>>> print(open('run_34.txt').read())   # compact mmCIF, C-alpha atoms
# COMPACT_ATOMS: atom_id res chain seq x y z
CA MET A 1 114.01 18.38 116.12
CA PRO A 2 110.83 20.44 116.80
CA LYS A 3 107.52 18.75 116.12
CA THR A 4 106.48 21.34 113.54
CA MET A 5 109.02 23.43 111.66
CA THR A 6 108.64 26.70 109.82
CA SER A 7 108.87 26.65 106.05
CA ARG A 8 112.26 28.29 106.15
CA GLU A 9 113.64 25.80 108.68
CA ARG A 10 112.24 22.89 106.71
CA PHE A 11 113.79 24.08 103.46
CA ARG A 12 117.13 24.82 105.10
CA LEU A 13 117.38 21.21 106.25
CA ALA A 14 116.38 19.90 102.82
CA MET A 15 119.18 21.91 101.23
CA ALA A 16 121.61 20.53 103.81
CA HIS A 17 120.49 16.97 102.90
CA ARG A 18 119.01 16.42 106.33
CA ARG A 19 115.54 15.18 107.30
CA ALA A 20 112.92 17.65 108.51
CA ASP A 21 109.49 17.21 110.07
CA ARG A 22 108.23 16.60 106.53
CA VAL A 23 109.46 17.03 102.97
CA PRO A 24 109.05 20.67 101.84
CA LEU A 25 106.08 21.02 99.49
CA ASP A 26 105.57 23.26 96.49
CA LEU A 27 102.10 23.51 94.98
CA GLY A 28 101.83 26.87 93.27
CA GLY A 29 104.98 28.43 94.71
CA THR A 30 106.40 29.14 91.24
CA SER A 31 105.01 29.64 87.74
CA LEU A 32 106.40 26.23 86.78
CA THR A 33 104.79 24.31 89.66
CA GLY A 34 101.29 25.75 89.57
CA MET A 35 97.82 24.71 88.39
CA ARG A 36 95.64 25.89 85.55
CA PRO A 37 92.74 28.10 86.71
CA ALA A 38 90.07 25.45 86.07
CA ALA A 39 92.09 22.88 88.05
CA GLN A 40 92.40 25.36 90.92
CA GLN A 41 88.67 26.01 90.85
CA ARG A 42 87.81 22.30 91.05
CA LEU A 43 90.21 21.81 93.94
CA ALA A 44 88.76 24.81 95.77
CA GLU A 45 85.24 23.44 95.30
CA LEU A 46 86.27 20.01 96.57
CA LEU A 47 87.76 21.63 99.67
CA GLY A 48 84.59 23.60 100.29
CA PHE A 49 86.00 27.04 99.46
CA GLY A 50 83.76 29.64 97.91
CA PRO A 51 84.65 31.52 94.72
CA ALA A 52 88.05 33.19 94.87
CA THR A 53 88.05 36.95 95.29
CA GLU A 54 90.76 39.33 94.10
CA ALA A 55 92.08 39.39 97.65
CA ASP A 56 92.60 35.63 97.47
CA LYS A 57 94.83 35.84 94.40
CA GLY A 58 98.57 35.87 94.96
CA HIS A 59 101.54 35.59 92.60
CA LYS A 60 100.45 34.90 89.01
CA GLY A 61 96.85 34.80 90.24
CA PHE A 62 97.26 31.57 92.23
CA ASP A 63 94.62 31.10 94.93
CA GLU A 64 96.35 31.84 98.22
CA ARG A 65 93.77 29.72 100.05
CA LEU A 66 95.05 26.66 98.18
CA LEU A 67 98.65 27.55 99.01
CA ARG A 68 97.75 27.72 102.71
CA TRP A 69 95.77 24.49 102.59
CA ALA A 70 98.59 22.60 100.87
CA GLY A 71 101.22 23.97 103.21
CA THR A 72 103.24 25.34 100.29
CA ASP A 73 106.55 26.43 101.77
CA PHE A 74 107.40 28.90 98.99
CA ARG A 75 106.14 32.19 97.60
CA GLY A 76 107.19 33.60 94.25
CA LEU A 77 107.58 37.07 92.80
CA GLY A 78 108.61 38.68 89.54
CA GLN A 79 108.36 37.33 86.02
CA LEU A 80 109.92 37.46 82.57
CA VAL A 81 110.42 41.16 81.97
CA HIS A 82 109.31 43.10 78.91
CA LEU A 83 112.07 44.97 77.09
CA PRO A 84 111.82 47.89 74.65
CA ASN A 85 111.66 46.45 71.13
CA VAL A 86 110.29 46.87 67.62
CA HIS A 87 108.64 43.45 67.41
CA ALA A 88 105.89 43.01 70.00
CA ARG A 89 102.38 43.30 68.64
CA THR A 90 99.00 41.65 68.85
CA ILE A 91 97.93 40.21 65.51
CA SER A 92 94.55 38.86 66.58
CA ALA A 93 92.85 37.21 69.54
CA THR A 94 94.71 34.02 68.62
CA ALA A 95 98.10 35.32 67.45
CA PHE A 96 100.84 37.64 68.70
CA VAL A 97 104.54 38.43 68.28
CA ASN A 98 106.70 38.73 71.40
CA ASP A 99 109.57 41.05 72.32
CA TRP A 100 112.05 38.86 70.41
CA GLY A 101 110.11 38.61 67.16
CA CYS A 102 108.75 35.09 67.77
CA ARG A 103 105.20 34.54 66.54
CA HIS A 104 102.77 32.48 68.64
CA GLU A 105 99.31 31.21 67.77
CA LEU A 106 96.59 29.65 69.89
CA ILE A 107 96.17 26.10 68.58
CA ASP A 108 93.93 23.55 70.31
CA GLY A 109 93.85 25.71 73.43
CA GLU A 110 97.64 26.11 73.77
CA TRP A 111 100.00 28.84 72.58
CA GLN A 112 102.35 27.36 69.99
CA LEU A 113 105.48 28.81 68.36
CA THR A 114 104.70 29.39 64.67
CA GLY A 115 107.27 31.97 63.53
CA CYS A 116 111.04 32.12 64.16
CA PRO A 117 112.74 35.43 63.26
CA LEU A 118 116.23 33.97 62.74
CA ALA A 119 115.16 30.94 60.73
CA GLN A 120 116.72 32.27 57.53
CA VAL A 121 119.97 33.78 58.86
CA LYS A 122 123.09 32.78 56.93
CA THR A 123 125.93 34.77 58.47
CA ILE A 124 127.25 36.20 61.70
CA ALA A 125 126.41 39.65 60.34
CA ASP A 126 122.76 38.58 59.99
CA VAL A 127 122.73 37.74 63.69
CA ARG A 128 124.41 40.95 64.77
CA ASN A 129 122.22 43.13 62.56
CA PHE A 130 118.96 41.72 63.92
CA PRO A 131 116.89 44.38 65.76
CA TRP A 132 117.45 43.06 69.29
CA PRO A 133 115.40 44.19 72.30
CA GLN A 134 117.04 46.86 74.41
CA PRO A 135 118.26 45.51 77.76
CA ARG A 136 116.47 48.12 79.81
CA VAL A 137 113.98 47.00 82.46
CA ASP A 138 111.16 49.35 83.41
CA GLU A 139 112.02 50.96 86.75
CA ALA A 140 108.42 50.96 87.99
CA GLU A 141 108.24 47.22 87.30
CA LEU A 142 111.43 46.64 89.27
CA ARG A 143 110.07 48.68 92.19
CA ARG A 144 106.93 46.53 92.30
CA TYR A 145 108.98 43.35 92.44
CA ALA A 146 111.27 44.77 95.10
CA GLN A 147 108.29 45.78 97.24
CA GLN A 148 106.77 42.28 96.90
CA ALA A 149 110.09 40.69 97.84
CA GLN A 150 110.59 43.02 100.80
CA ARG A 151 107.12 42.23 102.17
CA LEU A 152 107.68 38.48 101.89
CA LYS A 153 111.11 38.70 103.49
CA ALA A 154 109.85 40.88 106.34
CA ALA A 155 107.03 38.43 107.10
CA GLY A 156 109.65 35.70 107.55
CA GLU A 157 107.09 32.98 106.92
CA PHE A 158 108.03 31.48 103.57
CA VAL A 159 111.04 30.80 101.36
CA VAL A 160 111.19 33.70 98.89
CA VAL A 161 111.59 32.68 95.25
CA ALA A 162 112.40 35.04 92.37
CA GLU A 163 111.11 34.08 88.93
CA HIS A 164 113.71 34.31 86.16
CA PRO A 165 113.53 37.66 84.31
CA ILE A 166 114.87 36.40 80.96
CA CYS A 167 114.97 33.02 79.21
CA GLY A 168 118.01 30.79 78.78
CA VAL A 169 120.36 30.82 75.83
CA MET A 170 119.41 27.44 74.37
CA GLU A 171 115.69 28.00 74.77
CA MET A 172 116.02 31.38 73.06
CA GLY A 173 118.01 29.74 70.27
CA CYS A 174 115.38 27.05 69.67
CA TRP A 175 112.63 29.67 69.57
CA MET A 176 114.39 32.28 67.43
CA PHE A 177 116.02 29.93 64.90
CA GLY A 178 113.49 27.10 65.15
CA TYR A 179 114.50 23.81 66.74
CA ASN A 180 115.76 22.12 63.57
CA ARG A 181 117.74 25.11 62.32
CA TYR A 182 119.27 25.80 65.74
CA LEU A 183 120.41 22.23 66.35
CA GLU A 184 121.71 21.93 62.80
CA ALA A 185 123.71 25.14 63.20
CA ILE A 186 125.19 24.01 66.52
CA ALA A 187 126.71 21.05 64.68
CA LEU A 188 127.57 22.63 61.32
CA GLU A 189 127.82 26.41 61.86
CA PRO A 190 128.99 26.88 65.45
CA GLU A 191 130.33 30.35 64.70
CA ILE A 192 126.77 31.56 64.03
CA ILE A 193 125.51 30.02 67.27
CA ASP A 194 128.39 31.52 69.24
CA ALA A 195 127.61 34.97 67.82
CA PHE A 196 123.97 34.49 68.79
CA SER A 197 124.83 33.28 72.29
CA GLU A 198 127.19 36.19 72.83
CA LYS A 199 124.42 38.64 71.91
CA ILE A 200 121.91 36.90 74.17
CA TRP A 201 124.42 36.98 77.02
CA GLN A 202 125.02 40.72 76.54
CA ILE A 203 121.29 41.29 77.00
CA GLN A 204 120.98 38.76 79.82
CA GLU A 205 123.87 40.32 81.72
CA GLN A 206 122.31 43.77 81.79
CA VAL A 207 118.79 42.51 82.56
CA ILE A 208 120.04 40.25 85.35
CA THR A 209 122.09 43.05 86.90
CA GLN A 210 119.07 45.39 87.03
CA TYR A 211 116.65 42.72 88.23
CA TYR A 212 118.72 41.27 91.07
CA ALA A 213 119.86 44.68 92.24
CA ALA A 214 116.17 45.28 92.99
CA VAL A 215 115.06 41.93 94.46
CA GLY A 216 118.34 40.36 95.52
CA PRO A 217 118.45 41.61 99.13
CA TYR A 218 115.19 39.80 99.91
CA ILE A 219 115.27 36.45 98.07
CA ASP A 220 116.43 32.97 99.04
CA LEU A 221 116.62 31.41 95.59
CA THR A 222 115.93 32.14 91.96
CA ILE A 223 114.47 29.91 89.30
CA ASN A 224 115.64 29.55 85.71
CA GLY A 225 114.23 27.65 82.76
CA ASP A 226 116.07 26.19 79.76
CA ASP A 227 115.10 22.76 78.41
CA PHE A 228 118.10 20.57 77.66
CA GLY A 229 116.32 17.23 77.26
CA THR A 230 113.88 15.27 75.10
CA GLN A 231 111.85 12.24 76.19
CA THR A 232 114.69 9.90 75.18
CA GLY A 233 117.85 11.83 76.01
CA PRO A 234 119.60 15.22 76.00
CA PHE A 235 119.41 17.46 72.94
CA LEU A 236 123.21 17.63 72.94
CA SER A 237 126.11 15.41 73.92
CA GLY A 238 128.09 16.37 76.99
CA GLU A 239 130.94 17.62 74.81
CA MET A 240 128.63 19.77 72.69
CA PHE A 241 126.87 21.10 75.79
CA ASP A 242 130.20 22.10 77.33
CA ALA A 243 131.31 23.82 74.12
CA ARG A 244 128.16 25.67 73.05
CA ILE A 245 125.91 26.09 76.13
CA ALA A 246 127.86 25.74 79.37
CA PRO A 247 130.05 28.89 79.08
CA TRP A 248 126.98 31.16 78.87
CA PHE A 249 124.95 29.14 81.37
CA LYS A 250 127.77 29.21 83.92
CA ALA A 251 128.36 32.91 83.37
CA ARG A 252 124.71 33.59 84.17
CA ILE A 253 124.81 31.56 87.37
CA ASP A 254 128.13 33.07 88.46
CA LEU A 255 126.81 36.59 87.95
CA ILE A 256 123.62 35.97 89.95
CA LYS A 257 125.55 34.44 92.83
CA LYS A 258 127.97 37.36 92.77
CA LEU A 259 125.12 39.88 92.81
CA VAL A 260 123.18 37.97 95.49
CA PRO A 261 125.58 36.15 97.85
CA GLY A 262 123.98 32.99 99.21
CA CYS A 263 121.30 32.86 96.53
CA LEU A 264 120.47 29.32 95.41
CA PHE A 265 120.08 28.58 91.71
CA TRP A 266 117.09 26.43 90.69
CA HIS A 267 117.16 25.10 87.16
CA HIS A 268 114.14 23.79 85.26
CA THR A 269 114.78 21.45 82.36
CA CYS A 270 112.17 19.04 81.06
CA GLY A 271 113.08 15.71 79.53
CA SER A 272 115.92 13.25 79.99
CA VAL A 273 119.09 15.01 81.18
CA PHE A 274 120.75 12.19 83.11
CA GLY A 275 123.46 11.93 80.46
CA ILE A 276 124.54 15.56 80.91
CA LEU A 277 123.55 16.14 84.52
CA ASP A 278 127.17 16.16 85.64
CA ASN A 279 127.83 18.91 83.06
CA ILE A 280 124.81 20.89 84.27
CA LEU A 281 125.83 20.67 87.92
CA ARG A 282 129.37 21.80 87.17
CA CYS A 283 127.87 25.10 85.98
CA GLY A 284 126.68 25.82 89.53
CA VAL A 285 123.11 24.50 89.69
CA ASP A 286 121.95 23.84 93.27
CA ILE A 287 118.41 22.55 92.62
CA LEU A 288 117.08 20.51 89.69
CA ASN A 289 113.47 20.72 88.51
CA PRO A 290 111.08 19.22 87.36
CA ILE A 291 112.40 15.60 87.43
CA GLN A 292 110.32 14.29 84.52
CA THR A 293 110.23 10.68 85.66
CA SER A 294 108.55 9.45 82.46
CA ALA A 295 111.66 10.36 80.45
CA HIS A 296 114.61 8.03 79.83
CA GLN A 297 116.94 7.48 82.82
CA MET A 298 115.02 9.92 85.02
CA GLU A 299 114.01 7.25 87.52
CA PRO A 300 114.05 8.72 91.06
CA ALA A 301 116.13 5.91 92.58
CA LEU A 302 118.79 6.22 89.86
CA LEU A 303 118.97 9.99 90.21
CA LYS A 304 119.20 9.86 93.99
CA GLN A 305 121.89 7.19 93.96
CA THR A 306 124.00 8.92 91.31
CA PHE A 307 123.60 12.62 92.08
CA GLY A 308 121.81 12.82 95.43
CA GLU A 309 124.79 14.22 97.31
CA ARG A 310 125.37 17.02 94.79
CA VAL A 311 121.93 18.46 94.07
CA VAL A 312 118.48 18.91 95.59
CA PHE A 313 115.63 17.46 93.55
CA TRP A 314 112.41 19.49 93.21
CA GLY A 315 109.35 17.95 91.58
CA ALA A 316 108.93 14.36 90.35
CA MET A 317 105.15 13.98 90.79
CA ASP A 318 104.31 13.06 87.20
CA VAL A 319 101.51 15.28 85.87
CA GLN A 320 101.87 14.03 82.31
CA GLN A 321 100.88 10.37 82.56
CA PHE A 322 100.40 9.33 86.20
CA LEU A 323 98.41 11.99 88.06
CA PRO A 324 95.62 12.36 85.46
CA LYS A 325 94.89 8.60 85.35
CA ALA A 326 95.71 7.21 88.78
CA THR A 327 93.30 6.51 91.60
CA PRO A 328 93.68 8.40 94.91
CA ALA A 329 94.98 5.19 96.51
CA GLN A 330 97.64 4.87 93.82
CA VAL A 331 98.58 8.52 94.27
CA ARG A 332 99.00 8.08 98.02
CA LYS A 333 101.25 5.06 97.51
CA HIS A 334 103.33 6.80 94.86
CA ALA A 335 103.72 9.98 96.92
CA ARG A 336 104.97 7.93 99.85
CA TRP A 337 107.47 6.20 97.57
CA LEU A 338 108.79 9.52 96.21
CA ILE A 339 109.27 10.83 99.74
CA ASP A 340 111.09 7.67 100.81
CA THR A 341 113.24 7.59 97.66
CA LEU A 342 114.13 11.18 96.76
CA GLY A 343 113.57 12.48 100.28
CA GLN A 344 115.80 9.94 101.98
CA ASP A 345 118.16 11.99 104.18
CA GLY A 346 116.72 15.23 102.82
CA GLY A 347 117.59 16.79 99.49
CA TYR A 348 114.05 16.82 98.08
CA VAL A 349 111.17 19.26 97.59
CA MET A 350 107.91 17.57 96.57
CA ALA A 351 106.16 19.23 93.64
CA GLY A 352 104.48 18.44 90.38
CA ALA A 353 106.77 17.75 87.45
CA HIS A 354 105.30 20.85 85.77
CA GLU A 355 102.05 22.79 85.88
CA ILE A 356 98.97 20.75 86.77
CA LEU A 357 96.59 20.78 83.80
CA ASP A 358 92.82 20.48 83.69
CA ASP A 359 92.89 16.68 83.23
CA VAL A 360 94.14 16.03 86.78
CA PRO A 361 91.31 15.11 89.22
CA ALA A 362 91.16 17.33 92.29
CA GLU A 363 90.85 14.20 94.43
CA ASN A 364 94.33 13.14 93.30
CA VAL A 365 95.83 16.46 94.32
CA VAL A 366 94.28 16.08 97.77
CA ALA A 367 95.57 12.51 98.10
CA TRP A 368 99.10 13.59 97.17
CA VAL A 369 99.24 16.63 99.46
CA GLU A 370 97.81 14.78 102.46
CA VAL A 371 100.63 12.21 102.29
CA ASP A 372 103.25 14.94 102.50
CA LYS A 373 101.43 16.70 105.32
CA ARG A 374 101.64 13.54 107.42
CA GLY A 375 105.43 13.66 107.16
>>> encode(input="run_34.txt", output="structure tokens")
Amino acid sequence: MPKTMTSRERFRLAMAHRRADRVPLDLGGTSLTGMRPAAQQRLAELLGFGPATEADKGHKGFDERLLRWAGTDFRGLGQLVHLPNVHARTISATAFVNDWGCRHELIDGEWQLTGCPLAQVKTIADVRNFPWPQPRVDEAELRRYAQQAQRLKAAGEFVVVAEHPICGVMEMGCWMFGYNRYLEAIALEPEIIDAFSEKIWQIQEQVITQYYAAVGPYIDLTINGDDFGTQTGPFLSGEMFDARIAPWFKARIDLIKKLVPGCLFWHHTCGSVFGILDNILRCGVDILNPIQTSAHQMEPALLKQTFGERVVFWGAMDVQQFLPKATPAQVRKHARWLIDTLGQDGGYVMAGAHEILDDVPAENVVAWVEVDKRG
């Protein structure tokens, strides 16, 4: 084993469940493992960097100097695409409607869902007659993503990660119906949910085909987000997941892997999903993120023992309760434990269990990263 590996070599061993020179690290390599701008600024100041210039800003505006300092092994490209629609509009500085007709408002500094366009639907016809976005991705946008991907691939330095271009079927359902209405309908009106899921899949299929035709030749993996868990357990039983979600979820994964042979599928689901993780993995997931260790049955040792041979874990550094309150010494000890537990015999990428918010001290980020750098 060489003393220092490249990012691509390091990640390849992690995926093969073998030890590398150190656990691969992701700080800012995807939109779901980044840092808020103020948190980035404080970290940059602590490290002695001057103000970031436009040239320093990489994917989603993340400070490339911080990526280099951390030794982030990944670089992202792309984003959720905008589709032609009749809904999107800005209402005010604190309110907007997105492509799908969902209203969002800025409340206490965070964008919150406040309007669900399918909340009042009663029939399958109501679902089918909704003015859906057109599944046509802007060609200039696709060219930009393809050029970014090609440059990253040609450099050969980092693992190339494509952001997901369209949200998952359950997440879309919760947003468009509202959580209560969607979950109620899954149980009592499954025919309405199936009609909705079929329509979402028809749009997903065309968007995915266009997107991966552009970036597919250059990427190593793609991320996807769809939350299946709450703090205390999955939203759905395994049986209900298999009946209402899995067919569409698996079809999406199968299509991507057909379009991009060898592409790894990275799935982000917050919350407790231990109870349906077998169901999730059967759909073709290769990598699980974010490993929300504060949720029920998401303890690293339990996950590694039960599923460690079948999936690679990506995340697990708790940004919700631990990282904002711990001391640097506690962070160093915990980071070492995560590496020894989830990273035993490979199969782990160290990252935050979601975006790092402004309440996390920069000193704690340094303490965490330095442990991983030591291997």
>>> closest_atom_pairs(input="run_34.txt", of="region 237-281 of chain A", to="region 298-313 of chain A", cutoff="9 Å", atoms="all atoms listed in the file", output="tab-separated table")
residue	atom	partner	partner_atom	distance
A:Gly271	CA	A:Met298	CA	8.2
A:Ser272	CA	A:Met298	CA	6.1
A:Val273	CA	A:Met298	CA	7.6
A:Phe274	CA	A:Met298	CA	6.5
A:Leu277	CA	A:Phe307	CA	8.3
A:Asp278	CA	A:Phe307	CA	8.2
A:Leu281	CA	A:Val311	CA	7.6
>>> write_last_selection(input="run_34.txt", atoms="C-alpha atoms", output="tab-separated table (two decimals), in the frame of the given file")
chain	number	residue	atom	x	y	z
A	271	GLY	CA	113.08	15.71	79.53
A	272	SER	CA	115.92	13.25	79.99
A	273	VAL	CA	119.09	15.01	81.18
A	274	PHE	CA	120.75	12.19	83.11
A	277	LEU	CA	123.55	16.14	84.52
A	278	ASP	CA	127.17	16.16	85.64
A	281	LEU	CA	125.83	20.67	87.92
>>> atom_distance(input="run_34.txt", atom1="CA of Leu357 (chain A)", atom2="CA of Gly229 (chain A)")
21.1 Å
>>> atom_distance(input="run_34.txt", atom1="CA of Gln40 (chain A)", atom2="CA of Lys333 (chain A)")
23.1 Å
>>> residues_near_point(input="run_34.txt", point="(116.6, 28.2, 62.8)", cutoff="10 Å", atoms="all atoms listed in the file", output="MDAnalysis selection string")
chainID A and resid 116:122 173:185
>>> atom_distance(input="run_34.txt", atom1="CA of Ile339 (chain A)", atom2="CA of Arg374 (chain A)")
11.2 Å
>>> residues_around(input="run_34.txt", residues="Ala162 (chain A)", least_positions_apart="6", cutoff="10 Å", atoms="all atoms listed in the file", output="list in words")
Thr30, Arg75, Gly76, Leu77, Gly78, Gln79, Tyr145, Ala149, Tyr211, Tyr212, Val215, Gly216, Tyr218, Ile219, Asp220, Leu221, Thr222, Ile223, Asn224 and Trp266 of chain A
>>> closest_residue(input="run_34.txt", among="A:Gly50, A:Gly343, A:Gly275, A:Pro247", to="Thr230 (chain A)", atoms="all atoms listed in the file")
A:Gly275
>>> closest_residue(input="run_34.txt", among="A:Pro190, A:Gly168, A:Gly58, A:Phe235", to="Trp248 (chain A)", atoms="all atoms listed in the file")
A:Gly168
>>> residues_around(input="run_34.txt", residues="region 238-245 of chain A", least_positions_apart="5", cutoff="10 Å", atoms="only C-alpha atoms", output="count of residues only")
20
>>> residues_around(input="run_34.txt", residues="Val86 (chain A)", least_positions_apart="4", cutoff="10 Å", atoms="all atoms listed in the file", output="list in words")
Asn98, Asp99, Trp100, Gly101, Pro131, Trp132, Pro133 and Gln134 of chain A
>>> closest_residue(input="run_34.txt", among="A:Glu157, A:Glu141, A:Asp108, A:Glu355", to="Arg68 (chain A)", atoms="only C-alpha atoms")
A:Glu157
>>> closest_residue(input="run_34.txt", among="A:Asp345, A:Trp368, A:Gln206, A:Thr232", to="Gln297 (chain A)", atoms="all atoms listed in the file")
A:Thr232
>>> residues_around(input="run_34.txt", residues="Lys60 (chain A)", least_positions_apart="4", cutoff="12 Å", atoms="all atoms listed in the file", output="ChimeraX atom specification")
/A:28-37,54,56,64,75-80,163
>>> closest_residue(input="run_34.txt", among="A:Lys373, A:Arg42, A:Arg8, A:His268", to="Glu171 (chain A)", atoms="all atoms listed in the file")
A:His268
>>> closest_residue(input="run_34.txt", among="A:Cys263, A:Ala367, A:Ile253, A:Leu152", to="Phe74 (chain A)", atoms="all atoms listed in the file")
A:Leu152
>>> residues_around(input="run_34.txt", residues="Gly109 (chain A)", least_positions_apart="2", cutoff="12 Å", atoms="only C-alpha atoms", output="list in words")
Thr94, Glu105, Leu106, Ile107, Trp111, Gln112, Leu357 and Asp358 of chain A
